[in-house]
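*Asks:* Input input32.pdb, format and content: PDB, C-alpha atoms.
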ATOM      1  CA  LEU A   1      -8.491 -10.008  -4.445
ATOM      2  CA  PRO A   2      -7.491  -8.767  -7.875
ATOM      3  CA  ARG A   3      -9.413  -6.488 -10.147
ATOM      4  CA  HIS A   4      -9.615  -6.268 -13.906
ATOM      5  CA  SER A   5      -6.337  -4.669 -15.056
ATOM      6  CA  ASP A   6      -7.856  -2.060 -17.359
ATOM      7  CA  HIS A   7     -10.315  -0.848 -14.751
ATOM      8  CA  LEU A   8      -9.808  -1.294 -11.055
ATOM      9  CA  PRO A   9      -6.602  -1.440  -9.051
ATOM     10  CA  ASN A  10      -6.613  -3.477  -5.845
ATOM     11  CA  LEU A  11      -8.443  -0.787  -3.937
ATOM     12  CA  PRO A  12      -7.896  -0.206  -0.242
ATOM     13  CA  PRO A  13     -10.871  -0.129   2.106
ATOM     14  CA  PRO A  14     -13.035   2.950   1.541
ATOM     15  CA  THR A  15     -11.978   4.323   4.927
ATOM     16  CA  THR A  16      -8.497   4.950   3.560
ATOM     17  CA  MET A  17      -9.828   7.380   1.013
ATOM     18  CA  GLY A  18     -11.570   9.525   3.565
ATOM     19  CA  GLY A  19     -15.199   9.706   4.595
ATOM     20  CA  GLY A  20     -17.962   7.171   4.507
ATOM     21  CA  GLY A  21     -15.972   4.463   6.267
ATOM     22  CA  ASP A  22     -18.352   3.770   9.152
ATOM     23  CA  SER A  23     -21.398   3.496   6.899
ATOM     24  CA  LEU A  24     -19.593   1.068   4.568
ATOM     25  CA  GLN A  25     -18.301  -1.156   7.352
ATOM     26  CA  ARG A  26     -21.841  -1.841   8.557
ATOM     27  CA  LEU A  27     -22.904  -3.260   5.180
ATOM     28  CA  THR A  28     -23.199  -6.977   4.455
ATOM     29  CA  ALA A  29     -21.091  -8.700   1.789
ATOM     30  CA  THR A  30     -24.059  -8.686  -0.613
ATOM     31  CA  GLN A  31     -24.712  -4.986  -0.018
ATOM     32  CA  ASN A  32     -21.034  -4.186  -0.588
ATOM     33  CA  LEU A  33     -21.150  -6.172  -3.829
ATOM     34  CA  MET A  34     -24.208  -4.219  -4.995
ATOM     35  CA  LEU A  35     -22.608  -0.947  -3.947
ATOM     36  CA  GLY A  36     -19.348  -1.822  -5.684
ATOM     37  CA  THR A  37     -21.170  -2.767  -8.891
ATOM     38  CA  ALA A  38     -23.148   0.473  -8.938
ATOM     39  CA  SER A  39     -20.035   2.523  -8.182
ATOM     40  CA  GLY A  40     -18.044   0.719 -10.862
ATOM     41  CA  ILE A  41     -20.685   1.294 -13.539
ATOM     42  CA  MET A  42     -21.022   4.990 -12.655
ATOM     43  CA  THR A  43     -17.243   5.350 -12.737
ATOM     44  CA  LYS A  44     -17.062   3.640 -16.119
ATOM     45  CA  CYS A  45     -19.669   6.052 -17.502
ATOM     46  CA  CYS A  46     -17.437   8.941 -16.405
ATOM     47  CA  ASN A  47     -14.015   7.768 -17.577
ATOM     48  CA  TYR A  48     -14.874   5.425 -20.445
ATOM     49  CA  PRO A  49     -13.498   7.942 -22.988
ATOM     50  CA  LEU A  50     -10.018   7.299 -21.511
ATOM     51  CA  LEU A  51     -10.339   3.598 -22.380
ATOM     52  CA  ASN A  52     -11.540   4.462 -25.880
ATOM     53  CA  TRP A  53      -8.616   6.851 -26.412
ATOM     54  CA  LYS A  54      -6.127   4.306 -25.043
ATOM     55  CA  ASN A  55      -7.298   1.710 -27.532
ATOM     56  CA  ALA A  56      -7.262   4.213 -30.400
ATOM     57  CA  THR A  57      -3.726   5.365 -29.523
ATOM     58  CA  GLN A  58      -2.442   1.792 -29.356
ATOM     59  CA  GLN A  59      -3.841   1.064 -32.825
ATOM     60  CA  GLY A  60      -2.576   4.320 -34.303
ATOM     61  CA  LEU A  61      -6.125   5.557 -34.945
ATOM     62  CA  PRO A  62      -7.288   9.174 -34.664
ATOM     63  CA  ILE A  63      -8.850  10.193 -31.354
ATOM     64  CA  SER A  64     -12.475  11.276 -31.550
ATOM     65  CA  PHE A  65     -14.202  13.651 -29.146
ATOM     66  CA  SER A  66     -17.692  13.027 -30.525
ATOM     67  CA  PRO A  67     -19.794  11.489 -27.692
ATOM     68  CA  PRO A  68     -21.664   9.013 -29.972
ATOM     69  CA  VAL A  69     -18.297   7.701 -31.167
ATOM     70  CA  VAL A  70     -16.411   7.932 -27.881
ATOM     71  CA  TYR A  71     -19.076   5.984 -25.977
ATOM     72  CA  ARG A  72     -19.377   3.099 -28.442
ATOM     73  CA  GLY A  73     -19.034  -0.171 -26.545
ATOM     74  CA  LEU A  74     -19.847   1.312 -23.122
ATOM     75  CA  PHE A  75     -22.438  -1.346 -22.254
ATOM     76  CA  MET A  76     -19.994  -4.124 -23.155
ATOM     77  CA  ALA A  77     -17.316  -2.434 -21.050
ATOM     78  CA  CYS A  78     -19.655  -2.419 -18.047
ATOM     79  CA  LEU A  79     -20.440  -6.111 -18.547
ATOM     80  CA  ASN A  80     -16.730  -6.806 -18.878
ATOM     81  CA  LEU A  81     -16.001  -4.917 -15.663
ATOM     82  CA  GLY A  82     -18.473  -6.948 -13.620
ATOM     83  CA  GLY A  83     -17.980 -10.243 -15.426
ATOM     84  CA  THR A  84     -14.194 -10.333 -15.260
ATOM     85  CA  THR A  85     -14.175  -9.329 -11.598
ATOM     86  CA  ALA A  86     -16.704 -12.067 -10.816
ATOM     87  CA  VAL A  87     -14.659 -14.700 -12.683
ATOM     88  CA  GLN A  88     -11.499 -13.584 -10.864
ATOM     89  CA  PHE A  89     -13.162 -13.762  -7.460
ATOM     90  CA  TRP A  90     -14.437 -17.264  -8.203
ATOM     91  CA  SER A  91     -11.327 -18.665  -9.883
ATOM     92  CA  VAL A  92      -8.848 -17.225  -7.368
ATOM     93  CA  GLY A  93     -10.918 -18.790  -4.582
ATOM     94  CA  VAL A  94     -10.876 -22.162  -6.356
ATOM     95  CA  PHE A  95      -7.100 -22.071  -6.833
ATOM     96  CA  GLN A  96      -6.535 -20.988  -3.226
ATOM     97  CA  LYS A  97      -8.407 -24.095  -2.059
ATOM     98  CA  LEU A  98      -6.544 -26.333  -4.512
ATOM     99  CA  ILE A  99      -3.143 -24.965  -3.502
ATOM    100  CA  ALA A 100      -3.540 -24.505   0.253
ATOM    101  CA  GLY A 101      -6.364 -26.909   1.023
ATOM    102  CA  LYS A 102      -7.623 -26.351   4.544
ATOM    103  CA  GLU A 103      -4.304 -24.899   5.714
ATOM    104  CA  LYS A 104      -3.758 -21.163   6.169
ATOM    105  CA  ILE A 105      -2.612 -19.724   2.854
ATOM    106  CA  ASN A 106       0.802 -18.002   2.750
ATOM    107  CA  SER A 107       1.961 -15.095   0.580
ATOM    108  CA  THR A 108       3.557 -17.270  -2.097
ATOM    109  CA  GLN A 109       0.454 -19.429  -2.403
ATOM    110  CA  GLN A 110      -1.749 -16.327  -2.540
ATOM    111  CA  ILE A 111       0.287 -14.836  -5.385
ATOM    112  CA  THR A 112       0.266 -18.172  -7.235
ATOM    113  CA  ALA A 113      -3.513 -18.451  -6.870
ATOM    114  CA  ALA A 114      -3.898 -14.867  -8.121
ATOM    115  CA  PHE A 115      -1.698 -15.649 -11.144
ATOM    116  CA  CYS A 116      -3.805 -18.710 -12.024
ATOM    117  CA  GLY A 117      -7.113 -16.951 -11.338
ATOM    118  CA  GLY A 118      -6.096 -13.990 -13.446
ATOM    119  CA  MET A 119      -5.113 -16.298 -16.282
ATOM    120  CA  MET A 120      -8.507 -18.021 -16.211
ATOM    121  CA  SER A 121     -10.362 -14.694 -16.201
ATOM    122  CA  GLY A 122      -8.506 -13.708 -19.372
ATOM    123  CA  ILE A 123     -10.538 -16.202 -21.418
ATOM    124  CA  PRO A 124     -13.981 -14.544 -21.139
ATOM    125  CA  CYS A 125     -12.378 -11.108 -20.747
ATOM    126  CA  SER A 126     -10.740 -11.441 -24.176
ATOM    127  CA  LEU A 127     -14.054 -12.151 -25.895
ATOM    128  CA  TRP A 128     -15.744  -9.222 -24.158
ATOM    129  CA  GLU A 129     -12.899  -6.853 -25.032
ATOM    130  CA  LEU A 130     -12.859  -8.059 -28.630
ATOM    131  CA  THR A 131     -16.544  -7.140 -28.881
ATOM    132  CA  MET A 132     -15.944  -3.751 -27.238
ATOM    133  CA  ILE A 133     -12.984  -2.878 -29.471
ATOM    134  CA  GLN A 134     -14.898  -3.863 -32.620
ATOM    135  CA  GLN A 135     -17.769  -1.649 -31.471
ATOM    136  CA  GLN A 136     -15.362   1.215 -30.806
ATOM    137  CA  ARG A 137     -13.943   0.948 -34.307
ATOM    138  CA  PHE A 138     -16.963   0.075 -36.421
ATOM    139  CA  GLY A 139     -20.065   0.491 -34.252
ATOM    140  CA  GLY A 140     -22.748  -2.167 -34.107
ATOM    141  CA  SER A 141     -24.618  -3.786 -31.237
ATOM    142  CA  ILE A 142     -23.336  -6.051 -28.500
ATOM    143  CA  ILE A 143     -24.619  -9.031 -30.521
ATOM    144  CA  GLY A 144     -24.137  -7.626 -34.001
ATOM    145  CA  ALA A 145     -20.407  -6.884 -33.652
ATOM    146  CA  PRO A 146     -19.306 -10.472 -32.907
ATOM    147  CA  GLN A 147     -21.830 -11.864 -35.416
ATOM    148  CA  ARG A 148     -20.311  -9.680 -38.143
ATOM    149  CA  ILE A 149     -16.728 -10.817 -37.594
ATOM    150  CA  VAL A 150     -17.725 -14.489 -37.199
ATOM    151  CA  ALA A 151     -19.639 -14.342 -40.488
ATOM    152  CA  ALA A 152     -16.582 -12.883 -42.218
ATOM    153  CA  HIS A 153     -13.751 -14.823 -40.551
ATOM    154  CA  GLY A 154     -15.207 -17.911 -38.866
ATOM    155  CA  ILE A 155     -15.781 -18.818 -35.231
ATOM    156  CA  SER A 156     -12.045 -19.007 -34.475
ATOM    157  CA  VAL A 157     -11.813 -15.206 -34.731
ATOM    158  CA  LEU A 158     -13.450 -14.968 -31.294
ATOM    159  CA  GLY A 159     -10.247 -16.331 -29.779
ATOM    160  CA  ARG A 160      -8.093 -13.570 -31.256
ATOM    161  CA  GLY A 161      -6.024 -11.921 -28.527
ATOM    162  CA  THR A 162      -6.906 -14.501 -25.862
ATOM    163  CA  ILE A 163      -3.319 -15.532 -25.067
ATOM    164  CA  MET A 164      -2.233 -11.928 -24.556
ATOM    165  CA  THR A 165      -5.289 -11.199 -22.412
ATOM    166  CA  MET A 166      -4.583 -14.227 -20.224
ATOM    167  CA  GLY A 167      -0.969 -13.137 -19.875
ATOM    168  CA  ARG A 168      -1.921  -9.563 -19.024
ATOM    169  CA  GLU A 169      -4.495 -10.525 -16.412
ATOM    170  CA  SER A 170      -2.312 -13.165 -14.740
ATOM    171  CA  LEU A 171       0.784 -10.968 -14.495
ATOM    172  CA  PHE A 172      -1.234  -7.917 -13.446
ATOM    173  CA  THR A 173      -2.889  -9.685 -10.524
ATOM    174  CA  MET A 174       0.389 -11.316  -9.478
ATOM    175  CA  ALA A 175       2.264  -8.012  -9.670
ATOM    176  CA  MET A 176      -0.466  -6.260  -7.704
ATOM    177  CA  LEU A 177      -0.287  -8.775  -4.869
ATOM    178  CA  GLY A 178       3.509  -8.866  -4.959
ATOM    179  CA  ALA A 179       4.363  -5.202  -5.401
ATOM    180  CA  THR A 180       1.593  -3.414  -3.524
ATOM    181  CA  PRO A 181       2.359  -4.721   0.002
ATOM    182  CA  VAL A 182       6.051  -3.852  -0.448
ATOM    183  CA  MET A 183       5.255  -0.300  -1.527
ATOM    184  CA  GLN A 184       2.763   0.138   1.275
ATOM    185  CA  ARG A 185       5.275  -1.088   3.864
ATOM    186  CA  GLU A 186       8.043   1.199   2.556
ATOM    187  CA  LEU A 187       5.784   4.260   2.581
ATOM    188  CA  ILE A 188       4.615   3.614   6.144
ATOM    189  CA  GLU A 189       7.892   2.434   7.693
ATOM    190  CA  ARG A 190      10.581   4.314   5.785
ATOM    191  CA  PHE A 191       8.737   7.531   4.940
ATOM    192  CA  LYS A 192       6.627   7.566   8.140
ATOM    193  CA  MET A 193       3.454   8.094   6.164
ATOM    194  CA  ASP A 194       0.108   7.850   7.916
ATOM    195  CA  PRO A 195      -1.000   4.184   7.608
ATOM    196  CA  SER A 196      -4.320   4.971   5.912
ATOM    197  CA  VAL A 197      -2.639   7.283   3.392
ATOM    198  CA  GLY A 198       0.215   4.823   2.898
ATOM    199  CA  LEU A 199      -2.209   2.010   2.084
ATOM    200  CA  ALA A 200      -4.047   4.158  -0.467
ATOM    201  CA  VAL A 201      -0.907   5.559  -2.128
ATOM    202  CA  GLY A 202       0.741   2.117  -2.106
ATOM    203  CA  SER A 203      -2.268   0.567  -3.834
ATOM    204  CA  LEU A 204      -2.273   3.270  -6.476
ATOM    205  CA  LEU A 205       1.482   2.979  -7.107
ATOM    206  CA  GLY A 206       1.137  -0.800  -7.239
ATOM    207  CA  ALA A 207      -1.535  -0.453  -9.899
ATOM    208  CA  PHE A 208       0.663   1.932 -11.916
ATOM    209  CA  PHE A 209       3.605  -0.489 -11.715
ATOM    210  CA  SER A 210       1.473  -3.493 -12.674
ATOM    211  CA  ALA A 211      -0.121  -1.624 -15.578
ATOM    212  CA  THR A 212       3.302  -0.587 -16.911
ATOM    213  CA  VAL A 213       4.890  -4.046 -16.876
ATOM    214  CA  THR A 214       1.854  -5.622 -18.564
ATOM    215  CA  HIS A 215       1.227  -2.857 -21.093
ATOM    216  CA  PRO A 216       3.148  -4.432 -24.025
ATOM    217  CA  MET A 217       0.811  -7.435 -23.857
ATOM    218  CA  ASP A 218      -2.187  -5.116 -23.688
ATOM    219  CA  THR A 219      -0.973  -3.169 -26.729
ATOM    220  CA  ILE A 220      -0.403  -6.306 -28.811
ATOM    221  CA  LYS A 221      -3.817  -7.676 -27.799
ATOM    222  CA  THR A 222      -5.617  -4.423 -28.626
ATOM    223  CA  CYS A 223      -3.988  -4.135 -32.042
ATOM    224  CA  MET A 224      -4.799  -7.762 -32.899
ATOM    225  CA  GLN A 225      -8.428  -7.409 -31.824
ATOM    226  CA  GLY A 226      -8.886  -4.143 -33.702
ATOM    227  CA  ASP A 227      -7.502  -5.689 -36.905
ATOM    228  CA  VAL A 228      -9.266  -9.050 -37.194
ATOM    229  CA  GLU A 229      -8.732  -8.905 -40.969
ATOM    230  CA  GLN A 230      -4.966  -9.061 -40.232
ATOM    231  CA  LYS A 231      -4.247  -6.329 -42.753
ATOM    232  CA  LYS A 232      -1.454  -4.968 -40.563
ATOM    233  CA  TYR A 233      -1.359  -6.980 -37.350
ATOM    234  CA  THR A 234      -1.118 -10.743 -37.815
ATOM    235  CA  ASN A 235      -0.155 -13.011 -34.916
ATOM    236  CA  ILE A 236       1.451 -12.145 -31.561
ATOM    237  CA  ARG A 237       5.011 -12.184 -32.880
ATOM    238  CA  GLY A 238       4.127 -10.318 -36.068
ATOM    239  CA  THR A 239       2.155  -7.641 -34.215
ATOM    240  CA  GLY A 240       4.941  -7.059 -31.703
ATOM    241  CA  ALA A 241       7.536  -6.859 -34.479
ATOM    242  CA  SER A 242       5.386  -4.404 -36.439
ATOM    243  CA  LEU A 243       4.965  -2.108 -33.429
ATOM    244  CA  VAL A 244       8.696  -2.136 -32.655
ATOM    245  CA  GLN A 245       9.625  -1.594 -36.304
ATOM    246  CA  GLU A 246       7.404   1.481 -36.515
ATOM    247  CA  ASN A 247       8.203   3.156 -33.203
ATOM    248  CA  GLY A 248      10.965   1.196 -31.487
ATOM    249  CA  VAL A 249      10.364  -0.435 -28.120
ATOM    250  CA  LYS A 250       8.232   2.543 -27.093
ATOM    251  CA  GLY A 251       5.685   1.342 -29.657
ATOM    252  CA  LEU A 252       4.765  -1.422 -27.205
ATOM    253  CA  PHE A 253       3.909   1.235 -24.628
ATOM    254  CA  LYS A 254       1.600   3.335 -26.783
ATOM    255  CA  GLY A 255      -1.432   4.470 -24.807
ATOM    256  CA  LEU A 256       0.188   3.867 -21.404
ATOM    257  CA  SER A 257      -0.535   7.422 -20.248
ATOM    258  CA  TRP A 258      -4.243   6.908 -21.006
ATOM    259  CA  ARG A 259      -4.180   3.615 -19.070
ATOM    260  CA  ILE A 260      -2.519   5.261 -16.059
ATOM    261  CA  ALA A 261      -5.109   8.052 -16.165
ATOM    262  CA  LEU A 262      -7.878   5.444 -16.382
ATOM    263  CA  ILE A 263      -6.623   3.627 -13.290
ATOM    264  CA  ALA A 264      -6.072   6.845 -11.327
ATOM    265  CA  THR A 265      -9.526   8.242 -12.036
ATOM    266  CA  THR A 266     -11.142   4.867 -11.325
ATOM    267  CA  PHE A 267      -9.289   4.670  -8.013
ATOM    268  CA  PHE A 268     -10.754   7.932  -6.766
ATOM    269  CA  LEU A 269     -14.142   7.917  -8.498
ATOM    270  CA  VAL A 270     -15.139   4.460  -7.239
ATOM    271  CA  ASN A 271     -14.495   5.489  -3.656
ATOM    272  CA  LYS A 272     -16.290   8.805  -4.051
ATOM    273  CA  PHE A 273     -19.322   7.114  -5.585
ATOM    274  CA  LYS A 274     -19.321   4.529  -2.787
ATOM    275  CA  GLU A 275     -19.331   7.272  -0.174
ATOM    276  CA  GLY A 276     -22.232   9.062  -1.854
ATOM    277  CA  LEU A 277     -24.290   6.003  -2.784
ATOM    278  CA  ALA A 278     -24.000   4.072   0.489
ATOM    279  CA  PRO A 279     -26.400   6.223   2.540
ATOM    280  CA  VAL A 280     -28.811   6.441  -0.407
ATOM    281  CA  MET A 281     -28.903   2.742  -1.298
ATOM    282  CA  PHE A 282     -28.662   1.455   2.274
ATOM    283  CA  PRO A 283     -29.736   4.211   4.684
ATOM    284  CA  GLU A 284     -28.954   3.694   8.337
ATOM    285  CA  PRO A 285     -31.978   2.917  10.504
ATOM    286  CA  THR A 286     -33.247   5.871  12.523
ATOM    287  CA  GLU A 287     -32.948   5.842  16.286
ATOM    288  CA  GLU A 288     -36.709   5.248  16.481
ATOM    289  CA  LYS A 289     -36.454   2.125  14.289
ATOM    290  CA  LYS A 290     -33.448   0.857  16.214
ATOM    291  CA  LYS A 291     -35.560   0.874  19.394
TER
END
Kindly present the structure from the file in structure tokens form.
*Replies:*
Amino acid sequence: LPRHSDHLPNLPPPTTMGGGGDSLQRLTATQNLMLGTASGIMTKCCNYPLLNWKNATQQGLPISFSPPVVYRGLFMACLNLGGTTAVQFWSVGVFQKLIAGKEKINSTQQITAAFCGGMMSGIPCSLWELTMIQQQRFGGSIIGAPQRIVAAHGISVLGRGTIMTMGRESLFTMAMLGATPVMQRELIERFKMDPSVGLAVGSLLGAFFSATVTHPMDTIKTCMQGDVEQKKYTNIRGTGASLVQENGVKGLFKGLSWRIALIATTFFLVNKFKEGLAPVMFPEPTEEKKK
């Protein structure tokens, strides 16, 4: 299933990243969910500055290295990480049932369901990211930031950037499901790569590819949500035109290197945290208890 495009690529099973595989395979679905949530939050605490710097670069703002500034919006980012993933899991499942019914789902139907599920997840994701970006720029609490902009611009401001977020999430999840298996197959069959390594590298390359093709939408969305006053960035068309006018087409790809770094570090950190947390959170029963 897909993951939120600014955070988690479609990660391979933990066994493909080395170590900890046996202990993770014995866990229940609920335990894996708890472990994944804890690992995701710990990862976000480590690489959140990359997300802050990506957003600043896209908006043409100076990059800060002051921890109190860099970590503004962290709590909202963690909620966004879990919330968007949960919505995607639920909505993709709903669309799979609507499309395939009780029949076995094929690749085309799976990609279509992912596209629709990703699009649906973009609705709450946009609101959460709007709050986070406003906190990154101006500070304020998780409640105070949206209250401030609603008081100044009306309730409709909460929908700013929603279309671009829906587009980004839908295309990212579709690209991940479409591109990743192809890359994995080529690495294993053509380059004779070890299957476990090929799956991991293919997933990572798939995430890089998906992030690149959706980055213009992410840049437009970020600029619109950072400038709710519309002093510089107005609507989708106006924001895109402004970015291209200033920097050419490459203006739409501002901050891509930070986004790639964010995905790469998330890819490895999540798995490392899972390996370390699994035996602590869910220790294996001793031989004495097993008897």
*Asks:* Just so the selection is clear, what residues does the PyMOL selection byres ((chain A and resi 210) around 9) cover here, as a VMD selection string?
*Replies:* chain A and resid 5 171 to 176 179 205 to 209 211 to 215
*Asks:* Is it possible to get the residues within 10 Å of (4.2, -8.1, -24.2) (coordinates as in the file, counting all atoms listed in the file) written as JSON, numbers by chain?
*Replies:* {"A": [164, 167, 168, 213, 214, 215, 216, 217, 218, 219, 220, 221, 236, 237, 240, 252, 253]}
*Asks:* Please, which residues are within 12 Å of (6.9, 3.9, 1.0) by the file's coordinates, counting only C-alpha atoms, and could they come as a list in words?
*Replies:*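 Checked against the point, the hits come out as Ala179, Thr180, Pro181, Val182, Met183, Gln184, Arg185, Glu186, Leu187, Ile188, Glu189, Arg190, Phe191, Lys192, Met193, Asp194, Pro195, Val197, Gly198, Leu199, Ala200, Val201, Gly202, Ser203, Leu204, Leu205 and Gly206 of chain A.
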*Asks:* If you count only C-alpha atoms, which residues fall within 12 Å of stretch 120-122 of chain A, apart from same-chain ones fewer than 5 positions away, as JSON, numbers by chain?
*Replies:* {"A": [2, 3, 4, 5, 6, 80, 81, 82, 83, 84, 85, 86, 87, 88, 89, 90, 91, 92, 93, 94, 95, 113, 114, 115, 127, 128, 129, 130, 159, 160, 161, 162, 163, 164, 165, 166, 167, 168, 169, 170, 171, 172, 173, 218, 221]}
*Asks:* Determine, counting all atoms listed in the file, which protein, DNA and RNA residues have an atom within 12 Å of an atom of A:Gln136; residues of the same chain fewer than 4 positions away are not included. Present the result as a VMD selection string.
*Replies:* chain A and resid 48 to 49 51 to 56 59 61 to 64 67 to 77 129 to 132 140 to 142 145 222 225 to 226
*Asks:* Produce the centre coordinates and the three edge lengths, each in Å to one decimal, of the box along x, y and z that contains all listed atoms of stretch 40-45 of chain A with 3 Å added on each side, as JSON.
*Replies:*
{"center_x": -19.0, "center_y": 3.4, "center_z": -14.2, "size_x": 10.0, "size_y": 11.3, "size_z": 12.6}
